[in-house]
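Raw contents of start-v3.cif, mmCIF, C-alpha atoms:
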```cif
data_protein
loop_
_atom_site.group_PDB
_atom_site.id
_atom_site.type_symbol
_atom_site.label_atom_id
_atom_site.label_comp_id
_atom_site.auth_asym_id
_atom_site.auth_seq_id
_atom_site.Cartn_x
_atom_site.Cartn_y
_atom_site.Cartn_z
ATOM 1 C CA MET A 1 -34.505 -110.313 -68.746
ATOM 2 C CA ARG A 2 -37.786 -112.020 -68.188
ATOM 3 C CA ARG A 3 -39.625 -111.601 -64.897
ATOM 4 C CA ARG A 4 -41.071 -114.751 -63.399
ATOM 5 C CA SER A 5 -44.380 -114.722 -61.550
ATOM 6 C CA GLY A 6 -44.220 -115.109 -57.756
ATOM 7 C CA LEU A 7 -41.990 -113.761 -55.020
ATOM 8 C CA THR A 8 -38.261 -113.776 -54.826
ATOM 9 C CA ILE A 9 -36.573 -115.056 -51.695
ATOM 10 C CA LEU A 10 -35.745 -111.498 -50.627
ATOM 11 C CA GLU A 11 -39.374 -110.358 -50.935
ATOM 12 C CA ALA A 12 -40.544 -113.367 -48.941
ATOM 13 C CA LEU A 13 -38.022 -112.665 -46.139
ATOM 14 C CA ILE A 14 -39.108 -109.008 -45.954
ATOM 15 C CA ALA A 15 -42.780 -110.053 -45.761
ATOM 16 C CA VAL A 16 -42.043 -112.554 -42.972
ATOM 17 C CA GLY A 17 -40.048 -109.881 -41.088
ATOM 18 C CA VAL A 18 -42.888 -107.335 -41.319
ATOM 19 C CA LEU A 19 -45.380 -109.986 -40.207
ATOM 20 C CA GLY A 20 -43.132 -110.830 -37.215
ATOM 21 C CA VAL A 21 -42.978 -107.176 -36.134
ATOM 22 C CA VAL A 22 -46.780 -106.856 -36.356
ATOM 23 C CA VAL A 23 -47.343 -110.052 -34.323
ATOM 24 C CA ALA A 24 -44.826 -108.911 -31.666
ATOM 25 C CA ALA A 25 -46.540 -105.500 -31.382
ATOM 26 C CA LEU A 26 -49.960 -107.141 -30.978
ATOM 27 C CA ALA A 27 -48.641 -109.531 -28.312
ATOM 28 C CA SER A 28 -47.099 -106.608 -26.403
ATOM 29 C CA LEU A 29 -50.370 -104.664 -26.588
ATOM 30 C CA GLN A 30 -52.327 -107.653 -25.291
ATOM 31 C CA LEU A 31 -49.918 -108.117 -22.364
ATOM 32 C CA SER A 32 -50.231 -104.446 -21.453
ATOM 33 C CA ASN A 33 -54.043 -104.691 -21.527
ATOM 34 C CA LEU A 34 -53.989 -107.749 -19.260
ATOM 35 C CA GLN A 35 -51.765 -105.969 -16.714
ATOM 36 C CA THR A 36 -54.012 -102.896 -16.733
ATOM 37 C CA THR A 37 -57.136 -105.029 -16.269
ATOM 38 C CA ARG A 38 -55.553 -106.894 -13.352
ATOM 39 C CA GLY A 39 -54.511 -103.621 -11.701
ATOM 40 C CA ALA A 40 -58.011 -102.175 -12.075
ATOM 41 C CA ARG A 41 -59.543 -105.332 -10.602
ATOM 42 C CA LEU A 42 -57.215 -105.120 -7.573
ATOM 43 C CA ASP A 43 -58.054 -101.417 -7.125
ATOM 44 C CA SER A 44 -61.768 -102.232 -7.227
ATOM 45 C CA THR A 45 -61.348 -104.990 -4.650
ATOM 46 C CA ARG A 46 -59.394 -102.720 -2.296
ATOM 47 C CA LEU A 47 -62.018 -99.976 -2.629
ATOM 48 C CA GLU A 48 -64.874 -102.427 -2.080
ATOM 49 C CA ILE A 49 -63.254 -103.700 1.138
ATOM 50 C CA ALA A 50 -62.548 -100.158 2.384
ATOM 51 C CA VAL A 51 -66.092 -98.907 1.722
ATOM 52 C CA ALA A 52 -67.674 -101.935 3.406
ATOM 53 C CA ARG A 53 -65.485 -101.521 6.503
ATOM 54 C CA PHE A 54 -66.114 -97.745 6.556
ATOM 55 C CA GLU A 55 -69.888 -98.260 6.435
ATOM 56 C CA GLN A 56 -69.648 -100.729 9.316
ATOM 57 C CA GLU A 57 -67.628 -98.267 11.406
ATOM 58 C CA LYS A 58 -69.912 -95.360 10.433
ATOM 59 C CA ARG A 59 -72.962 -97.218 11.757
ATOM 60 C CA ALA A 60 -71.157 -97.784 15.074
ATOM 61 C CA VAL A 61 -70.206 -94.095 15.304
ATOM 62 C CA GLU A 62 -73.729 -92.931 14.491
ATOM 63 C CA ALA A 63 -75.175 -95.272 17.126
ATOM 64 C CA ASP A 64 -73.037 -93.776 19.928
ATOM 65 C CA PHE A 65 -71.594 -90.531 18.554
ATOM 66 C CA ALA A 66 -70.786 -88.892 21.907
ATOM 67 C CA SER A 67 -68.455 -91.701 23.003
ATOM 68 C CA PHE A 68 -66.466 -91.451 19.759
ATOM 69 C CA LEU A 69 -65.814 -87.712 20.196
ATOM 70 C CA THR A 70 -63.021 -88.501 22.685
ATOM 71 C CA CYS A 71 -61.301 -91.024 20.413
ATOM 72 C CA THR A 72 -57.714 -90.642 19.304
ATOM 73 C CA PRO A 73 -55.997 -92.857 16.725
ATOM 74 C CA ALA A 74 -54.190 -94.540 19.627
ATOM 75 C CA THR A 75 -57.357 -95.361 21.612
ATOM 76 C CA CYS A 76 -59.865 -96.101 18.844
ATOM 77 C CA ARG A 77 -57.962 -98.292 16.428
ATOM 78 C CA SER A 78 -58.681 -101.734 15.089
ATOM 79 C CA GLY A 79 -56.696 -104.050 12.936
ATOM 80 C CA PRO A 80 -55.047 -105.384 11.198
ATOM 81 C CA GLU A 81 -57.930 -107.563 10.107
ATOM 82 C CA PHE A 82 -57.401 -109.979 7.246
ATOM 83 C CA VAL A 83 -60.167 -109.600 4.616
ATOM 84 C CA GLN A 84 -60.013 -111.210 1.148
ATOM 85 C CA GLY A 85 -56.228 -111.425 1.254
ATOM 86 C CA ALA A 86 -55.681 -107.855 2.475
ATOM 87 C CA ASP A 87 -54.773 -106.243 5.800
ATOM 88 C CA VAL A 88 -57.440 -103.761 6.904
ATOM 89 C CA ASN A 89 -56.707 -101.095 9.543
ATOM 90 C CA VAL A 90 -59.288 -98.670 10.944
ATOM 91 C CA SER A 91 -58.693 -95.606 13.106
ATOM 92 C CA VAL A 92 -61.261 -93.199 14.504
ATOM 93 C CA THR A 93 -60.511 -89.668 15.680
ATOM 94 C CA GLY A 94 -62.974 -87.460 17.505
ATOM 95 C CA ARG A 95 -62.814 -83.715 16.852
ATOM 96 C CA PRO A 96 -60.020 -84.002 14.259
ATOM 97 C CA ASN A 97 -58.110 -81.040 12.903
ATOM 98 C CA VAL A 98 -59.436 -80.380 9.423
ATOM 99 C CA VAL A 99 -56.917 -79.062 6.905
ATOM 100 C CA PRO A 100 -58.525 -76.920 4.193
ATOM 101 C CA ALA A 101 -57.047 -76.876 0.687
ATOM 102 C CA SER A 102 -55.323 -73.584 1.431
ATOM 103 C CA GLY A 103 -54.587 -72.713 5.010
ATOM 104 C CA SER A 104 -53.658 -74.113 8.362
ATOM 105 C CA PRO A 105 -55.476 -76.851 10.318
ATOM 106 C CA VAL A 106 -58.784 -75.913 11.917
ATOM 107 C CA ALA A 107 -60.077 -77.700 15.015
ATOM 108 C CA SER A 108 -63.510 -79.244 14.483
ATOM 109 C CA ARG A 109 -66.289 -79.601 17.012
ATOM 110 C CA GLY A 110 -68.931 -82.009 15.771
ATOM 111 C CA LEU A 111 -66.930 -84.335 13.542
ATOM 112 C CA VAL A 112 -65.520 -87.804 13.858
ATOM 113 C CA GLU A 113 -62.918 -88.905 11.309
ATOM 114 C CA ILE A 114 -62.788 -92.507 10.127
ATOM 115 C CA VAL A 115 -59.702 -93.692 8.250
ATOM 116 C CA VAL A 116 -59.675 -97.139 6.639
ATOM 117 C CA SER A 117 -56.459 -98.487 5.080
ATOM 118 C CA VAL A 118 -56.423 -101.618 2.925
ATOM 119 C CA ASP A 119 -53.056 -103.168 2.042
ATOM 120 C CA ASP A 120 -53.012 -106.240 -0.183
ATOM 121 C CA GLY A 121 -49.236 -106.471 -0.488
ATOM 122 C CA THR A 122 -49.092 -104.808 -3.902
ATOM 123 C CA ASP A 123 -50.572 -101.412 -3.022
ATOM 124 C CA THR A 124 -52.358 -99.558 -0.230
ATOM 125 C CA LEU A 125 -55.670 -97.733 -0.469
ATOM 126 C CA THR A 126 -56.633 -95.237 2.257
ATOM 127 C CA LEU A 127 -60.220 -94.010 2.624
ATOM 128 C CA ARG A 128 -60.684 -90.971 4.885
ATOM 129 C CA GLN A 129 -64.212 -89.772 5.648
ATOM 130 C CA PHE A 130 -65.952 -87.690 8.283
ATOM 131 C CA VAL A 131 -69.172 -88.374 10.179
ATOM 132 C CA SER A 132 -71.020 -85.297 11.361
ATOM 133 C CA CYS A 133 -72.951 -84.945 14.580
ATOM 134 C CA LEU A 134 -75.907 -83.885 12.433
ATOM 135 C CA SER A 135 -76.064 -87.283 10.741
ATOM 136 C CA ALA A 136 -75.798 -89.030 14.118
ATOM 137 C CA SER A 137 -78.552 -87.104 15.911
ATOM 138 C CA GLY A 138 -81.595 -89.168 16.780
ATOM 139 C CA GLY A 139 -85.128 -87.884 17.138
ATOM 140 C CA ALA A 140 -86.105 -84.557 15.611
ATOM 141 C CA ALA A 141 -84.164 -83.393 12.595
ATOM 142 C CA PRO A 142 -81.282 -81.183 13.731
ATOM 143 C CA SER A 143 -81.177 -77.525 12.764
ATOM 144 C CA VAL A 144 -78.826 -74.604 13.300
ATOM 145 C CA ALA A 145 -80.994 -73.400 16.201
ATOM 146 C CA ASN A 146 -81.279 -76.880 17.723
ATOM 147 C CA PRO A 147 -78.354 -79.072 16.595
ATOM 148 C CA GLY A 148 -79.098 -81.813 19.075
ATOM 149 C CA VAL A 149 -77.161 -83.264 21.977
ATOM 150 C CA ALA A 150 -74.548 -84.981 19.824
ATOM 151 C CA CYS A 151 -73.212 -81.651 18.520
ATOM 152 C CA GLU A 152 -72.614 -80.136 21.956
#
```

Can the structure from this file be put into structure tokens for me?
Amino acid sequence: MRRRSGLTILEALIAVGVLGVVVAALASLQLSNLQTTRGARLDSTRLEIAVARFEQEKRAVEADFASFLTCTPATCRSGPEFVQGADVNVSVTGRPNVVPASGSPVASRGLVEIVVSVDDGTDTLTLRQFVSCLSASGGAAPSVANPGVACE
């Protein structure tokens, strides 16, 4: 039997099948990358909104720290605000209970807690930070001996 040059029909079908599997795998990989990129972009947007709103609230707390010490989430709450397609809620708590990694809650004295939640309909990001009376004190730099009026 003499062998002819070129591919048989069976070899050509196998080559087309392998090529189809490779193209399908590459398309699936590209789709997965696009979804991951979109998710990361949404996470970045939520975080950007939360940090901007936190900084705004932090400046207000630092300007009048003593009045925020009596805040509860029920009395010092704002929102929902609509920012860049997301609902933003802010709550401020004076003298919050701080929960250490291991242990029971500890009452704080010179802290104000700011919680900012950003919900864009697909996911919610919550940013929880504390403002200390030491960062809010005006005038001379506070020290352990003289913490300033805001810490009392």

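The interatomic distance for the pair atom CA of A:Val90 and atom CA of A:Pro105 works out to 22.2 Å.
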
Residues matched by the PyMOL selection byres ((chain A and resi 115) around 6) as a list in words: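 Selected by the PyMOL selection byres ((chain A and resi 115) around 6) in this file: Val90, Ser91, Ile114, Val116, Leu127 and Arg128 of chain A.
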
For atom CA of A:Cys71 and atom CA of A:Val112, determine how far apart the two atoms are, in Å to one decimal place. 8.4 Å

Set up a box along x, y and z of the file covering all listed atoms of stretch 17-32 of chain A, add 4 Å on every one of the six sides, and write the centre and edge lengths in Å to one decimal, as AutoDock Vina command-line options.
```
--center_x -46.2 --center_y -107.6 --center_z -31.4 --size_x 20.3 --size_y 14.4 --size_z 27.9
```

Applying the PyMOL selection byres ((chain A and resi 68) around 8) to the file I just gave you, which residues come out? Please list them as a list in words.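 What the PyMOL selection byres ((chain A and resi 68) around 8) grabs from the file is Val61, Asp64, Phe65, Ala66, Ser67, Leu69, Thr70, Cys71, Val92, Thr93, Gly94 and Val112 of chain A.
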
Write out as a PyMOL selection string which residues come within 12 Å of A:Arg53 when counting all atoms listed in the file, dropping same-chain ones fewer than 4 positions away. chain A and resi 46-49+57-60+78-79+81-83+87-91+114-118+126-129

Can you measure atom CA of A:Gly110 to atom CA of A:Ser135 for me? One decimal in Å is fine.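 Result for atom CA of A:Gly110 versus atom CA of A:Ser135: 10.2 Å, one decimal.
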
From A:Glu62, A:Ser5, A:Thr36, A:Ala74, residue lying nearest A:Phe130 [all atoms listed in the file]: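 Once distances to A:Phe130 are computed over all atoms listed in the file, the minimum belongs to A:Glu62.
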
Your completed stretch 90-109 of chain A with N, CA and C atoms, as a PDB file, in the frame of the given file:
```pdb
ATOM      1  N   VAL A  90     -58.302 -99.729  10.766  1.00  0.00           N
ATOM      2  CA  VAL A  90     -59.288 -98.670  10.944  1.00  0.00           C
ATOM      3  C   VAL A  90     -58.864 -97.819  12.132  1.00  0.00           C
ATOM      4  N   SER A  91     -58.904 -96.493  11.960  1.00  0.00           N
ATOM      5  CA  SER A  91     -58.693 -95.606  13.106  1.00  0.00           C
ATOM      6  C   SER A  91     -59.790 -94.555  13.110  1.00  0.00           C
ATOM      7  N   VAL A  92     -60.190 -94.175  14.321  1.00  0.00           N
ATOM      8  CA  VAL A  92     -61.261 -93.199  14.504  1.00  0.00           C
ATOM      9  C   VAL A  92     -60.708 -92.071  15.360  1.00  0.00           C
ATOM     10  N   THR A  93     -60.967 -90.837  14.939  1.00  0.00           N
ATOM     11  CA  THR A  93     -60.511 -89.668  15.680  1.00  0.00           C
ATOM     12  C   THR A  93     -61.682 -88.738  15.910  1.00  0.00           C
ATOM     13  N   GLY A  94     -61.937 -88.421  17.173  1.00  0.00           N
ATOM     14  CA  GLY A  94     -62.974 -87.460  17.505  1.00  0.00           C
ATOM     15  C   GLY A  94     -62.410 -86.057  17.466  1.00  0.00           C
ATOM     16  N   ARG A  95     -63.218 -85.123  16.973  1.00  0.00           N
ATOM     17  CA  ARG A  95     -62.814 -83.715  16.852  1.00  0.00           C
ATOM     18  C   ARG A  95     -61.451 -83.567  16.159  1.00  0.00           C
ATOM     19  N   PRO A  96     -61.314 -84.082  14.944  1.00  0.00           N
ATOM     20  CA  PRO A  96     -60.020 -84.002  14.259  1.00  0.00           C
ATOM     21  C   PRO A  96     -59.736 -82.580  13.784  1.00  0.00           C
ATOM     22  N   ASN A  97     -58.467 -82.292  13.553  1.00  0.00           N
ATOM     23  CA  ASN A  97     -58.110 -81.040  12.903  1.00  0.00           C
ATOM     24  C   ASN A  97     -58.347 -81.211  11.412  1.00  0.00           C
ATOM     25  N   VAL A  98     -59.119 -80.320  10.843  1.00  0.00           N
ATOM     26  CA  VAL A  98     -59.436 -80.380   9.423  1.00  0.00           C
ATOM     27  C   VAL A  98     -58.509 -79.414   8.697  1.00  0.00           C
ATOM     28  N   VAL A  99     -57.848 -79.895   7.655  1.00  0.00           N
ATOM     29  CA  VAL A  99     -56.917 -79.062   6.905  1.00  0.00           C
ATOM     30  C   VAL A  99     -57.575 -78.657   5.595  1.00  0.00           C
ATOM     31  N   PRO A 100     -57.939 -77.366   5.456  1.00  0.00           N
ATOM     32  CA  PRO A 100     -58.525 -76.920   4.193  1.00  0.00           C
ATOM     33  C   PRO A 100     -57.482 -76.931   3.078  1.00  0.00           C
ATOM     34  N   ALA A 101     -57.953 -76.831   1.839  1.00  0.00           N
ATOM     35  CA  ALA A 101     -57.047 -76.876   0.687  1.00  0.00           C
ATOM     36  C   ALA A 101     -55.961 -75.807   0.790  1.00  0.00           C
ATOM     37  N   SER A 102     -56.327 -74.634   1.249  1.00  0.00           N
ATOM     38  CA  SER A 102     -55.323 -73.584   1.431  1.00  0.00           C
ATOM     39  C   SER A 102     -55.487 -73.018   2.833  1.00  0.00           C
ATOM     40  N   GLY A 103     -54.508 -73.239   3.654  1.00  0.00           N
ATOM     41  CA  GLY A 103     -54.587 -72.713   5.010  1.00  0.00           C
ATOM     42  C   GLY A 103     -54.050 -73.684   6.028  1.00  0.00           C
ATOM     43  N   SER A 104     -54.165 -73.287   7.276  1.00  0.00           N
ATOM     44  CA  SER A 104     -53.658 -74.113   8.362  1.00  0.00           C
ATOM     45  C   SER A 104     -54.792 -74.931   8.969  1.00  0.00           C
ATOM     46  N   PRO A 105     -54.452 -75.973   9.740  1.00  0.00           N
ATOM     47  CA  PRO A 105     -55.476 -76.851  10.318  1.00  0.00           C
ATOM     48  C   PRO A 105     -56.468 -76.089  11.210  1.00  0.00           C
ATOM     49  N   VAL A 106     -57.713 -76.514  11.134  1.00  0.00           N
ATOM     50  CA  VAL A 106     -58.784 -75.913  11.917  1.00  0.00           C
ATOM     51  C   VAL A 106     -59.375 -77.009  12.795  1.00  0.00           C
ATOM     52  N   ALA A 107     -59.485 -76.722  14.101  1.00  0.00           N
ATOM     53  CA  ALA A 107     -60.077 -77.700  15.015  1.00  0.00           C
ATOM     54  C   ALA A 107     -61.569 -77.820  14.728  1.00  0.00           C
ATOM     55  N   SER A 108     -62.090 -79.031  14.739  1.00  0.00           N
ATOM     56  CA  SER A 108     -63.510 -79.244  14.483  1.00  0.00           C
ATOM     57  C   SER A 108     -64.224 -79.532  15.790  1.00  0.00           C
ATOM     58  N   ARG A 109     -65.537 -79.397  15.789  1.00  0.00           N
ATOM     59  CA  ARG A 109     -66.289 -79.601  17.012  1.00  0.00           C
ATOM     60  C   ARG A 109     -67.203 -80.808  16.922  1.00  0.00           C
TER      61      ARG A 109
END
```
